[in-house]
>>> print(open('start.cif').read())   # mmCIF, C-alpha atoms and all ligand atoms
data_upload
loop_
_atom_site.label_atom_id
_atom_site.label_comp_id
_atom_site.auth_asym_id
_atom_site.auth_seq_id
_atom_site.Cartn_x
_atom_site.Cartn_y
_atom_site.Cartn_z
CA MET A 1 0.00 0.00 0.00
CA GLU A 2 1.28 3.46 -0.89
CA GLN A 3 0.33 6.53 1.12
CA ILE A 4 0.30 10.09 -0.12
CA GLN A 5 -0.28 12.88 2.37
CA ILE A 6 -2.15 15.94 1.15
CA ALA A 7 -1.98 19.23 3.02
CA ALA A 8 -5.29 21.02 2.48
CA SER A 9 -6.06 24.39 4.08
CA THR A 10 -8.60 22.87 6.48
CA HIS A 11 -6.72 19.69 7.40
CA SER A 12 -4.26 17.23 6.04
CA TYR A 13 -5.47 13.87 4.69
CA LYS A 14 -4.06 10.63 3.37
CA VAL A 15 -4.63 8.93 0.05
CA GLU A 16 -4.08 5.19 0.49
CA ILE A 17 -3.47 3.31 -2.77
CA GLY A 18 -3.29 -0.47 -3.10
CA ALA A 19 -4.98 -3.71 -4.06
CA SER A 20 -7.84 -5.15 -1.93
CA LEU A 21 -8.11 -2.16 0.38
CA ARG A 22 -11.91 -2.48 0.34
CA PHE A 23 -11.54 -5.56 2.54
CA GLN A 24 -9.42 -3.74 5.12
CA LEU A 25 -11.49 -0.70 6.01
CA GLU A 26 -11.68 -1.46 9.71
CA SER A 27 -7.91 -1.09 10.03
CA ILE A 28 -7.43 1.71 7.49
CA ILE A 29 -10.15 4.19 8.44
CA GLU A 30 -8.73 6.64 10.93
CA GLY A 31 -11.88 8.05 12.49
CA SER A 32 -14.38 6.19 14.61
CA TYR A 33 -18.02 6.35 13.53
CA LYS A 34 -21.30 4.88 14.72
CA ASN A 35 -23.26 5.83 11.64
CA ILE A 36 -22.00 5.52 8.07
CA LEU A 37 -23.83 6.27 4.84
CA VAL A 38 -22.31 4.63 1.75
CA ILE A 39 -23.32 6.31 -1.50
CA THR A 40 -22.67 4.43 -4.72
CA ASP A 41 -24.15 3.91 -8.18
CA SER A 42 -26.12 1.10 -9.79
CA GLU A 43 -23.10 -0.30 -11.65
CA VAL A 44 -20.63 -0.22 -8.80
CA ALA A 45 -23.10 -1.51 -6.17
CA PRO A 46 -23.38 -5.11 -7.45
CA LEU A 47 -19.58 -5.29 -7.83
CA TYR A 48 -18.22 -3.82 -4.60
CA LEU A 49 -20.87 -2.56 -2.17
CA GLU A 50 -21.15 -5.80 -0.16
CA ASP A 51 -17.35 -6.05 0.22
CA VAL A 52 -17.26 -2.51 1.56
CA LYS A 53 -20.18 -2.98 3.93
CA GLN A 54 -18.70 -6.20 5.32
CA SER A 55 -15.40 -4.51 5.94
CA PHE A 56 -16.61 -1.96 8.52
CA PRO A 57 -16.54 -2.86 12.21
CA SER A 58 -19.64 -4.80 13.22
CA HIS A 59 -20.97 -2.17 15.67
CA VAL A 60 -21.31 0.45 12.92
CA GLU A 61 -24.76 1.18 11.60
CA ILE A 62 -24.49 1.26 7.81
CA THR A 63 -26.96 2.74 5.36
CA GLU A 64 -26.59 2.41 1.60
CA HIS A 65 -27.90 4.83 -0.98
CA ILE A 66 -27.66 3.78 -4.64
CA VAL A 67 -28.13 6.28 -7.45
CA PRO A 68 -28.48 5.34 -11.13
CA ALA A 69 -25.07 5.13 -12.84
CA GLY A 70 -24.25 8.03 -15.16
CA GLU A 71 -23.62 11.76 -15.10
CA ALA A 72 -27.38 12.51 -14.95
CA SER A 73 -27.34 11.50 -11.27
CA LYS A 74 -25.17 14.49 -10.32
CA SER A 75 -28.47 16.36 -10.14
CA MET A 76 -30.56 18.48 -7.80
CA GLU A 77 -33.11 15.67 -7.75
CA GLN A 78 -30.65 12.99 -6.62
CA TYR A 79 -29.11 15.43 -4.16
CA SER A 80 -32.51 16.08 -2.66
CA ARG A 81 -33.18 12.33 -2.32
CA LEU A 82 -29.84 11.95 -0.62
CA MET A 83 -30.75 14.62 1.90
CA ASP A 84 -33.99 12.71 2.56
CA THR A 85 -31.92 9.60 3.33
CA CYS A 86 -29.53 11.50 5.62
CA ILE A 87 -32.46 12.93 7.56
CA ALA A 88 -34.46 9.69 7.66
CA ARG A 89 -31.42 7.81 8.99
CA GLN A 90 -30.71 10.61 11.47
CA LEU A 91 -27.11 11.09 10.45
CA ASP A 92 -25.50 13.54 12.85
CA ARG A 93 -22.33 15.63 12.89
CA LYS A 94 -20.32 12.58 13.98
CA SER A 95 -21.51 10.44 11.08
CA LEU A 96 -19.54 9.65 7.95
CA ILE A 97 -20.49 9.74 4.28
CA VAL A 98 -18.54 7.39 2.01
CA GLY A 99 -18.53 7.93 -1.77
CA LEU A 100 -17.88 4.56 -3.43
CA GLY A 101 -17.53 4.99 -7.19
CA GLY A 102 -16.15 7.18 -9.92
CA GLY A 103 -16.04 10.94 -10.11
CA MET A 104 -19.80 11.24 -10.44
CA VAL A 105 -20.43 9.52 -7.11
CA GLY A 106 -17.48 11.33 -5.51
CA ASP A 107 -18.75 14.76 -6.53
CA LEU A 108 -22.35 14.05 -5.50
CA ALA A 109 -21.48 12.36 -2.19
CA GLY A 110 -18.92 15.06 -1.42
CA PHE A 111 -21.43 17.84 -2.04
CA ALA A 112 -23.96 16.04 0.17
CA ALA A 113 -21.35 15.68 2.94
CA ALA A 114 -20.30 19.33 2.57
CA THR A 115 -23.82 20.66 2.95
CA TYR A 116 -25.68 18.26 5.24
CA LEU A 117 -25.66 19.81 8.75
CA ARG A 118 -23.15 22.35 7.33
CA GLY A 119 -20.67 19.58 6.75
CA ILE A 120 -19.97 16.08 8.04
CA ASP A 121 -16.96 13.83 7.43
CA PHE A 122 -16.53 12.53 3.93
CA LEU A 123 -14.42 9.61 2.75
CA GLN A 124 -13.70 8.90 -0.91
CA MET A 125 -13.39 5.37 -2.26
CA PRO A 126 -12.62 5.95 -5.95
CA THR A 127 -13.29 3.06 -8.34
CA THR A 128 -12.32 4.62 -11.69
CA ILE A 129 -8.97 5.70 -13.11
CA LEU A 130 -10.41 9.15 -13.70
CA ALA A 131 -11.19 9.41 -9.99
CA HIS A 132 -7.43 9.49 -9.18
CA ASP A 133 -7.98 13.08 -10.26
CA SER A 134 -11.46 13.87 -8.96
CA SER A 135 -11.02 12.37 -5.48
CA VAL A 136 -8.14 14.71 -4.64
CA GLY A 137 -8.29 18.48 -4.38
CA GLY A 138 -11.61 19.04 -2.65
CA LYS A 139 -13.85 20.18 -5.49
CA VAL A 140 -17.36 18.79 -5.05
CA ALA A 141 -20.43 19.69 -7.08
CA ILE A 142 -23.66 18.79 -8.76
CA ASN A 143 -24.84 19.89 -12.20
CA HIS A 144 -27.57 22.34 -13.16
CA THR A 145 -29.54 21.88 -16.38
CA GLN A 146 -27.66 24.95 -17.64
CA GLY A 147 -24.23 23.48 -17.09
CA LYS A 148 -21.88 21.09 -15.34
CA ASN A 149 -20.68 21.61 -11.78
CA LEU A 150 -22.50 24.92 -11.42
CA ILE A 151 -23.54 24.18 -7.82
CA GLY A 152 -20.70 23.17 -5.58
CA CYS A 153 -17.97 24.06 -3.15
CA PHE A 154 -14.51 23.18 -1.91
CA TYR A 155 -14.69 20.41 0.68
CA ASN A 156 -11.83 18.06 1.40
CA PRO A 157 -12.28 14.42 2.30
CA ILE A 158 -10.91 13.12 5.57
CA GLN A 159 -9.30 10.21 3.74
CA VAL A 160 -9.15 8.66 0.28
CA ILE A 161 -9.00 4.87 0.06
CA TYR A 162 -8.20 3.76 -3.48
CA ASP A 163 -8.55 0.02 -3.98
CA THR A 164 -6.90 -0.38 -7.36
CA GLU A 165 -8.23 -3.93 -7.71
CA THR A 166 -11.65 -2.41 -8.45
CA LEU A 167 -10.22 -0.91 -11.65
CA SER A 168 -10.03 -4.36 -13.25
CA SER A 169 -13.77 -4.26 -14.04
CA LEU A 170 -13.64 -0.94 -15.92
CA PRO A 171 -14.77 -0.97 -19.56
CA SER A 172 -12.18 0.24 -22.11
CA ALA A 173 -13.88 3.61 -22.68
CA GLU A 174 -13.50 4.35 -18.95
CA ILE A 175 -9.83 3.30 -19.04
CA ARG A 176 -9.31 5.75 -21.93
CA SER A 177 -11.24 8.37 -20.03
CA GLY A 178 -9.07 8.03 -16.93
CA PHE A 179 -5.91 8.16 -18.99
CA GLY A 180 -6.96 11.50 -20.47
CA GLU A 181 -6.28 12.91 -17.00
CA VAL A 182 -3.20 10.73 -16.36
CA VAL A 183 -1.52 11.95 -19.54
CA LYS A 184 -2.52 15.51 -18.59
CA HIS A 185 -0.72 15.13 -15.26
CA ALA A 186 2.34 13.81 -17.09
CA LEU A 187 2.35 16.66 -19.63
CA LEU A 188 2.08 19.21 -16.84
CA SER A 189 4.98 17.82 -14.91
CA ASP A 190 7.53 15.43 -16.35
CA SER A 191 8.78 14.80 -19.88
CA ALA A 192 10.40 11.41 -19.14
CA TRP A 193 7.17 10.08 -17.63
CA CYS A 194 5.23 11.54 -20.52
CA GLU A 195 7.46 9.79 -23.08
CA GLU A 196 6.94 6.53 -21.21
CA ILE A 197 3.14 6.88 -21.23
CA LEU A 198 3.11 7.73 -24.92
CA LYS A 199 4.64 4.32 -25.62
CA THR A 200 2.02 2.53 -23.55
CA ASN A 201 -1.00 0.55 -24.61
CA ILE A 202 -3.23 1.48 -21.70
CA LEU A 203 -5.53 -1.51 -22.13
CA HIS A 204 -2.65 -3.89 -21.43
CA LEU A 205 -0.97 -2.31 -18.45
CA SER A 206 0.22 -4.38 -15.51
CA SER A 207 -1.43 -3.50 -12.21
CA GLU A 208 1.98 -2.42 -10.81
CA GLN A 209 2.46 -0.01 -13.66
CA LEU A 210 -1.08 1.33 -13.34
CA ASN A 211 -0.66 1.86 -9.59
CA GLU A 212 2.58 3.70 -10.21
CA TYR A 213 0.98 6.00 -12.78
CA LEU A 214 -2.00 6.73 -10.52
CA ALA A 215 0.26 7.56 -7.59
CA LYS A 216 2.33 9.85 -9.82
CA GLY A 217 -0.79 11.57 -11.13
CA ILE A 218 -2.10 12.09 -7.60
CA LYS A 219 1.22 13.61 -6.54
CA VAL A 220 1.16 16.07 -9.43
CA LYS A 221 -2.38 17.11 -8.58
CA ALA A 222 -1.60 17.27 -4.85
CA GLN A 223 1.38 19.52 -5.39
CA ILE A 224 -0.69 21.95 -7.46
CA VAL A 225 -3.75 22.07 -5.18
CA GLU A 226 -1.60 22.40 -2.07
CA GLU A 227 -0.16 25.57 -3.54
CA ASP A 228 -3.43 26.96 -4.91
CA GLU A 229 -6.46 25.23 -3.42
CA LYS A 230 -9.07 27.77 -4.56
CA GLU A 231 -7.87 28.13 -8.16
CA GLN A 232 -6.56 31.68 -8.00
CA GLY A 233 -3.43 30.82 -9.95
CA ILE A 234 -1.59 27.62 -10.85
CA ARG A 235 -4.55 25.30 -10.23
CA LYS A 236 -5.80 26.62 -13.57
CA HIS A 237 -3.06 24.51 -15.18
CA LEU A 238 -5.14 21.44 -14.36
CA ASN A 239 -7.57 22.68 -16.99
CA LEU A 240 -5.14 21.73 -19.76
CA GLY A 241 -7.29 20.37 -22.59
CA HIS A 242 -10.50 21.16 -20.74
CA THR A 243 -11.71 24.29 -22.55
CA LEU A 244 -12.23 22.38 -25.78
CA ALA A 245 -13.19 19.20 -23.88
CA HIS A 246 -16.10 20.84 -22.06
CA ALA A 247 -17.33 22.39 -25.32
CA LEU A 248 -17.03 19.02 -27.11
CA GLU A 249 -18.89 17.17 -24.38
CA ALA A 250 -21.72 19.70 -24.42
CA GLU A 251 -21.85 19.89 -28.21
CA LEU A 252 -21.81 16.14 -28.84
CA GLY A 253 -24.17 15.44 -25.97
CA TYR A 254 -22.96 13.87 -22.74
CA GLY A 255 -22.60 10.13 -23.15
CA ARG A 256 -21.26 9.99 -26.73
CA ILE A 257 -17.80 10.71 -25.48
CA THR A 258 -16.48 10.35 -21.94
CA HIS A 259 -14.98 13.32 -20.11
CA GLY A 260 -11.41 12.07 -20.29
CA GLU A 261 -11.69 11.09 -23.95
CA ALA A 262 -12.78 14.67 -24.66
CA VAL A 263 -9.86 15.93 -22.54
CA ALA A 264 -7.46 13.81 -24.58
CA ILE A 265 -8.68 15.52 -27.77
CA GLY A 266 -8.61 18.90 -26.03
CA ILE A 267 -4.97 18.31 -25.08
CA TRP A 268 -4.09 17.58 -28.70
CA PHE A 269 -5.63 20.92 -29.67
CA ALA A 270 -3.86 22.73 -26.80
CA MET A 271 -0.57 21.25 -28.06
CA ARG A 272 -1.21 22.50 -31.61
CA VAL A 273 -2.12 25.98 -30.31
CA SER A 274 1.03 25.95 -28.14
CA GLU A 275 3.14 25.15 -31.19
CA GLN A 276 1.65 27.99 -33.20
CA TYR A 277 1.14 30.64 -30.53
CA LEU A 278 4.21 29.98 -28.38
CA GLU A 279 6.42 28.26 -30.92
CA ALA A 280 6.68 25.42 -28.44
CA SER A 281 8.32 22.16 -29.37
CA LEU A 282 6.10 19.30 -28.18
CA PRO A 283 5.78 15.54 -28.83
CA VAL A 284 2.56 15.94 -30.85
CA GLY A 285 3.39 13.19 -33.34
CA ASN A 286 3.85 10.62 -30.57
CA TYR A 287 0.76 11.91 -28.82
CA ILE A 288 -1.40 11.36 -31.93
CA LYS A 289 0.05 7.86 -32.37
CA TRP A 290 -0.81 7.14 -28.72
CA LEU A 291 -4.41 8.30 -29.22
CA GLN A 292 -4.69 6.05 -32.28
CA MET A 293 -3.06 3.04 -30.61
CA ASN A 294 -5.54 3.32 -27.75
CA HIS A 295 -8.58 3.91 -29.96
CA TYR A 296 -9.58 7.34 -28.68
CA PRO A 297 -12.73 8.52 -30.55
CA ILE A 298 -10.90 11.05 -32.69
CA ASN A 299 -13.43 11.09 -35.51
CA LEU A 300 -16.12 12.67 -33.32
CA ALA A 301 -14.16 15.92 -33.39
CA GLU A 302 -14.63 16.09 -37.19
CA THR A 303 -18.33 16.60 -36.76
CA ILE A 304 -18.05 19.82 -34.79
CA ASP A 305 -18.74 23.32 -36.01
CA PRO A 306 -16.04 25.88 -35.04
CA ASP A 307 -18.49 28.77 -34.43
CA ARG A 308 -20.66 26.77 -32.06
CA ILE A 309 -17.61 25.45 -30.23
CA ILE A 310 -16.26 28.99 -29.80
CA GLU A 311 -19.59 30.11 -28.34
CA ARG A 312 -19.49 27.22 -25.88
CA MET A 313 -15.88 27.92 -24.93
CA LYS A 314 -16.85 31.50 -24.09
CA TRP A 315 -19.34 30.10 -21.60
CA ASP A 316 -16.71 28.05 -19.85
CA LYS A 317 -15.96 29.00 -16.26
CA LYS A 318 -12.42 29.98 -17.22
CA THR A 319 -13.70 32.70 -19.52
CA VAL A 320 -13.27 36.19 -18.15
CA ASP A 321 -14.97 39.12 -19.96
CA SER A 322 -15.65 36.88 -22.97
CA GLN A 323 -11.92 36.34 -23.53
CA ILE A 324 -10.97 32.70 -23.72
CA HIS A 325 -8.17 31.81 -21.29
CA TYR A 326 -6.17 28.88 -22.55
CA VAL A 327 -3.78 26.57 -20.74
CA LEU A 328 -0.86 26.01 -23.12
CA LEU A 329 2.51 24.32 -22.84
CA GLU A 330 5.76 26.17 -23.38
CA ALA A 331 7.29 22.72 -23.08
CA VAL A 332 6.32 19.46 -21.41
CA GLY A 333 6.31 20.28 -17.70
CA ASN A 334 5.94 23.99 -18.32
CA PRO A 335 2.30 25.12 -18.54
CA VAL A 336 1.16 28.74 -18.94
CA VAL A 337 -2.22 30.48 -19.14
CA GLN A 338 -2.76 32.72 -22.17
CA LYS A 339 -5.61 34.96 -23.20
CA ILE A 340 -6.15 34.32 -26.88
CA GLU A 341 -8.24 36.47 -29.14
CA GLU A 342 -11.38 34.83 -30.52
CA GLY A 343 -10.50 35.22 -34.22
CA LEU A 344 -7.18 33.49 -33.72
CA ILE A 345 -8.67 30.60 -31.77
CA LYS A 346 -11.19 30.15 -34.54
CA GLU A 347 -8.40 29.88 -37.10
CA TYR A 348 -6.56 27.34 -34.95
CA LEU A 349 -9.76 25.38 -34.44
CA SER A 350 -10.54 25.23 -38.18
CA ASP A 351 -7.01 23.96 -38.88
CA PHE A 352 -7.40 21.44 -36.06
CA ILE A 353 -10.68 20.08 -37.42
CA LYS A 354 -9.02 19.66 -40.82
CA GLU A 355 -6.17 17.77 -39.20
CA VAL A 356 -8.49 15.52 -37.21
CA SER A 357 -10.56 14.76 -40.32
CA GLY A 358 -7.47 13.57 -42.17
CA ILE A 359 -6.44 11.08 -39.51
CA ASP A 360 -7.39 7.45 -39.38
CA GLU A 361 -8.75 6.61 -35.96
CA ARG A 362 -7.64 3.01 -35.98
CA ASN A 363 -4.10 3.61 -37.19
N1 LIG B 1 -14.03 17.03 -8.38
C1 LIG B 1 -13.10 17.09 -9.29
O1 LIG B 1 -12.03 17.65 -9.08
C2 LIG B 1 -13.34 16.42 -10.60
C3 LIG B 1 -12.29 16.25 -11.51
C4 LIG B 1 -12.52 15.55 -12.69
C5 LIG B 1 -13.80 15.05 -12.94
N2 LIG B 1 -14.81 15.24 -12.04
C6 LIG B 1 -16.14 14.70 -12.26
O2 LIG B 1 -16.04 13.28 -12.32
C7 LIG B 1 -17.10 12.77 -13.10
C8 LIG B 1 -16.54 11.74 -14.05
O3 LIG B 1 -15.98 10.70 -13.29
P1 LIG B 1 -15.85 9.23 -13.89
O4 LIG B 1 -15.24 9.30 -15.22
O5 LIG B 1 -15.22 8.41 -12.84
O6 LIG B 1 -17.36 8.86 -14.17
P2 LIG B 1 -18.45 7.98 -13.41
O7 LIG B 1 -18.36 8.11 -11.97
O8 LIG B 1 -19.75 8.32 -14.06
O9 LIG B 1 -18.03 6.49 -13.82
C9 LIG B 1 -18.02 6.10 -15.17
C10 LIG B 1 -18.80 4.79 -15.36
O10 LIG B 1 -18.04 3.71 -14.84
C11 LIG B 1 -18.83 2.95 -13.94
N3 LIG B 1 -17.89 2.42 -12.95
C12 LIG B 1 -17.32 3.08 -11.92
N4 LIG B 1 -16.43 2.29 -11.30
C13 LIG B 1 -16.45 1.10 -11.95
C14 LIG B 1 -15.72 -0.11 -11.81
N5 LIG B 1 -14.76 -0.24 -10.88
N6 LIG B 1 -16.00 -1.13 -12.65
C15 LIG B 1 -16.93 -1.00 -13.62
N7 LIG B 1 -17.63 0.14 -13.83
C16 LIG B 1 -17.38 1.17 -13.01
C17 LIG B 1 -19.84 3.91 -13.41
O11 LIG B 1 -20.97 3.24 -12.91
C18 LIG B 1 -20.13 4.75 -14.65
O12 LIG B 1 -21.06 4.08 -15.45
C19 LIG B 1 -17.74 13.94 -13.79
O13 LIG B 1 -18.94 14.23 -13.13
C20 LIG B 1 -16.75 15.08 -13.58
O14 LIG B 1 -17.36 16.34 -13.53
C21 LIG B 1 -14.59 15.89 -10.88
ZN ZN B 2 -11.13 16.69 -16.10
#
>>> encode(input="start.cif", output="structure tokens", more="lines below")
Ligand SMILES: NC(=O)c1ccc[n+]([C@@H]2O[C@H](COP(=O)([O-])OP(=O)(O)OC[C@H]3O[C@@H](n4cnc5c(N)ncnc54)[C@H](O)[C@@H]3O)[C@@H](O)[C@H]2O)c1
Ligand SMILES: [Zn+2]
Amino acid sequence: MEQIQIAASTHSYKVEIGASLRFQLESIIEGSYKNILVITDSEVAPLYLEDVKQSFPSHVEITEHIVPAGEASKSMEQYSRLMDTCIARQLDRKSLIVGLGGGMVGDLAGFAAATYLRGIDFLQMPTTILAHDSSVGGKVAINHTQGKNLIGCFYNPIQVIYDTETLSSLPSAEIRSGFGEVVKHALLSDSAWCEEILKTNILHLSSEQLNEYLAKGIKVKAQIVEEDEKEQGIRKHLNLGHTLAHALEAELGYGRITHGEAVAIGIWFAMRVSEQYLEASLPVGNYIKWLQMNHYPINLAETIDPDRIIERMKWDKKTVDSQIHYVLLEAVGNPVVQKIEEGLIKEYLSDFIKEVSGIDERN
């Protein structure tokens, strides 16, 4: 088991990473609780909920709350039902909420924990690769019909317990999705690691290698959020690839492409913009080969209309006074934020769509 300590402004917490941790909760959980609410989704529940419930000490009263799998559950409606459960089960300030699942469950459970009784303890048990990112850093939220994550706050977990054995049941699209954020962490921090990932077929990784990459990714994120928890400065770097990704997700309709797959395409675009705007020298050729080797859904980007994408990018939370703020790379490991004029971005985007259209997805 590997431990990473994260120093948040409110308290410091540990991320425990290792195989089979879901069977060892009694010894790993630091706090002592009489009442625990485990929130999970309908796909994770049949796989891991019983293991988790059995692993708490026998005197603990455990309630489960299962939401339908999928982004649509990060909603006001599901949040409201969760509050009903918390109240019906008389959870008090000494109770614990556990989020068992991917980023959707983590964000929803975290927002419930942050707001119920003005905040009760929250423990994350991530079960997706993507959640190596979402479970660290304290951002919790639900969606509004007008946009993703519009209702939320900063609320750090008391502990993160990452049983990497649970990742073995992930479908390939979710592995790709998670690796969109892993490769982002590599590009933000370390060119040797990045080179290594770009040679990797992510569907055939050994569990040791996967654990190592997840721990590295968590350390990169931890270092950034420790320095800038509330996103006043360098935390913005974590949005590499995300301006286009959010626009793509919204434009294509959530569900046709996963978040991390969209991020992977967004990173490709950010690299091309960096080359042109900053004259950066980046491993774009290897990056494209990596996307192809791992079957990222590149061809979806051909179907987009630059004007509509620009409008959506202007709506992104990183937009200030209608100017699009872009995270670019001066080099691997050297991100910067640049304000780029709309006309120029449109040119870059048109070139990018042409490039994407000329590339064979399956290599
Ligand atoms: N808080 C943050 O800092 C942050 C950062 C990045 C993303 N997010 C949020 O995270 C969410 C995306 O997270 P995600 O990609 O983990 O999505 P997700 O939680 O929806 O999980 C993806 C799918 O995989 C299934 N699944 C989960 N674990 C599984 C397992 N072990 N085996 C088989 N299937 C499993 C889920 O049921 C779901 O169908 C989005 O809502 C996004 O906004 C938050
Ligand atoms: Zn992301």
>>> residues_around(input="start.cif", residues="Ala250 in chain A", least_positions_apart="5", cutoff="12 Å", atoms="all atoms listed in the file", output="list in words")
Thr145, Gln146, Gly147, Lys148, His242, Thr243, Leu244, Ala245, Gly255, Arg256, Ile257, Thr258, His259, Ala262, Ile304, Arg308, Ile309, Glu311, Arg312, Met313, Trp315 and Asp316 of chain A
>>> write_last_selection(input="start.cif", atoms="C-alpha atoms", output="compact mmCIF listing (two decimals), in the frame of the given file")
# COMPACT_ATOMS: atom_id res chain seq x y z
CA THR A 145 -29.54 21.88 -16.38
CA GLN A 146 -27.66 24.95 -17.64
CA GLY A 147 -24.23 23.48 -17.09
CA LYS A 148 -21.88 21.09 -15.34
CA HIS A 242 -10.50 21.16 -20.74
CA THR A 243 -11.71 24.29 -22.55
CA LEU A 244 -12.23 22.38 -25.78
CA ALA A 245 -13.19 19.20 -23.88
CA GLY A 255 -22.60 10.13 -23.15
CA ARG A 256 -21.26 9.99 -26.73
CA ILE A 257 -17.80 10.71 -25.48
CA THR A 258 -16.48 10.35 -21.94
CA HIS A 259 -14.98 13.32 -20.11
CA ALA A 262 -12.78 14.67 -24.66
CA ILE A 304 -18.05 19.82 -34.79
CA ARG A 308 -20.66 26.77 -32.06
CA ILE A 309 -17.61 25.45 -30.23
CA GLU A 311 -19.59 30.11 -28.34
CA ARG A 312 -19.49 27.22 -25.88
CA MET A 313 -15.88 27.92 -24.93
CA TRP A 315 -19.34 30.10 -21.60
CA ASP A 316 -16.71 28.05 -19.85
>>> closest_residue(input="start.cif", among="A:Glu275, A:Asp307, A:Glu249, A:Glu61", to="ligand LIG 1 (chain B)", atoms="all atoms listed in the file")
A:Glu249
>>> residues_near_ligand(input="start.cif", ligand="ligand LIG 1 (chain B)", cutoff="7 Å", atoms="all atoms listed in the file", output="VMD selection string")
chain A and resid 41 to 44 69 to 71 74 101 to 105 107 127 to 131 133 to 140 148 to 149 166 to 171 174 177 to 178 258 to 260
>>> closest_residue(input="start.cif", among="A:Lys199, A:Arg118, A:Lys184, A:His11", to="Gln159 in chain A", atoms="all atoms listed in the file")
A:His11
>>> closest_residue(input="start.cif", among="A:Leu238, A:Ala186, A:Val15, A:Tyr79", to="His132 in chain A", atoms="only C-alpha atoms")
A:Val15
>>> residues_around(input="start.cif", residues="Val60 in chain A", least_positions_apart="5", cutoff="8 Å", atoms="only C-alpha atoms", output="PyMOL selection string")
chain A and resi 33-36
>>> write_last_selection(input="start.cif", atoms="C-alpha atoms", output="PDB file, keeping the file's coordinate frame")
ATOM      1  CA  TYR A  33     -18.020   6.350  13.530  1.00  0.00           C
ATOM      2  CA  LYS A  34     -21.300   4.880  14.720  1.00  0.00           C
ATOM      3  CA  ASN A  35     -23.260   5.830  11.640  1.00  0.00           C
ATOM      4  CA  ILE A  36     -22.000   5.520   8.070  1.00  0.00           C
TER       5      ILE A  36
END
>>> decode(input="start.cif", residues="range 33-44 of chain A", atoms="N, CA, C and O atoms", output="short mmCIF file (atom, residue, chain, number, x, y, z; two decimals), in the first residue's frame")
data_model
loop_
_atom_site.label_atom_id
_atom_site.label_comp_id
_atom_site.auth_asym_id
_atom_site.auth_seq_id
_atom_site.Cartn_x
_atom_site.Cartn_y
_atom_site.Cartn_z
N TYR A 33 -16.66 5.89 13.86
CA TYR A 33 -18.02 6.35 13.53
C TYR A 33 -19.05 5.31 13.94
O TYR A 33 -18.81 4.11 13.80
N LYS A 34 -20.20 5.81 14.39
CA LYS A 34 -21.30 4.88 14.72
C LYS A 34 -22.23 4.70 13.53
O LYS A 34 -22.88 3.68 13.36
N ASN A 35 -22.29 5.78 12.72
CA ASN A 35 -23.26 5.83 11.64
C ASN A 35 -22.57 6.16 10.32
O ASN A 35 -21.93 7.20 10.21
N ILE A 36 -22.68 5.26 9.35
CA ILE A 36 -22.00 5.52 8.07
C ILE A 36 -23.00 5.37 6.92
O ILE A 36 -23.76 4.39 6.87
N LEU A 37 -23.00 6.36 6.04
CA LEU A 37 -23.83 6.27 4.84
C LEU A 37 -22.91 6.03 3.65
O LEU A 37 -22.02 6.84 3.37
N VAL A 38 -23.11 4.92 2.94
CA VAL A 38 -22.31 4.63 1.75
C VAL A 38 -23.15 4.98 0.52
O VAL A 38 -24.23 4.44 0.31
N ILE A 39 -22.63 5.91 -0.27
CA ILE A 39 -23.32 6.31 -1.50
C ILE A 39 -22.56 5.69 -2.68
O ILE A 39 -21.34 5.80 -2.76
N THR A 40 -23.31 5.03 -3.55
CA THR A 40 -22.67 4.43 -4.72
C THR A 40 -23.64 4.46 -5.89
O THR A 40 -24.73 5.02 -5.78
N ASP A 41 -23.21 3.90 -7.05
CA ASP A 41 -24.15 3.91 -8.18
C ASP A 41 -24.54 2.49 -8.57
O ASP A 41 -23.99 1.50 -8.07
N SER A 42 -25.50 2.39 -9.48
CA SER A 42 -26.12 1.10 -9.79
C SER A 42 -25.17 0.13 -10.50
O SER A 42 -25.45 -1.06 -10.56
N GLU A 43 -24.05 0.63 -11.05
CA GLU A 43 -23.10 -0.30 -11.65
C GLU A 43 -22.04 -0.76 -10.67
O GLU A 43 -21.56 -1.89 -10.71
N VAL A 44 -21.67 0.12 -9.77
CA VAL A 44 -20.63 -0.22 -8.80
C VAL A 44 -21.22 -1.08 -7.66
O VAL A 44 -20.56 -1.98 -7.15
#
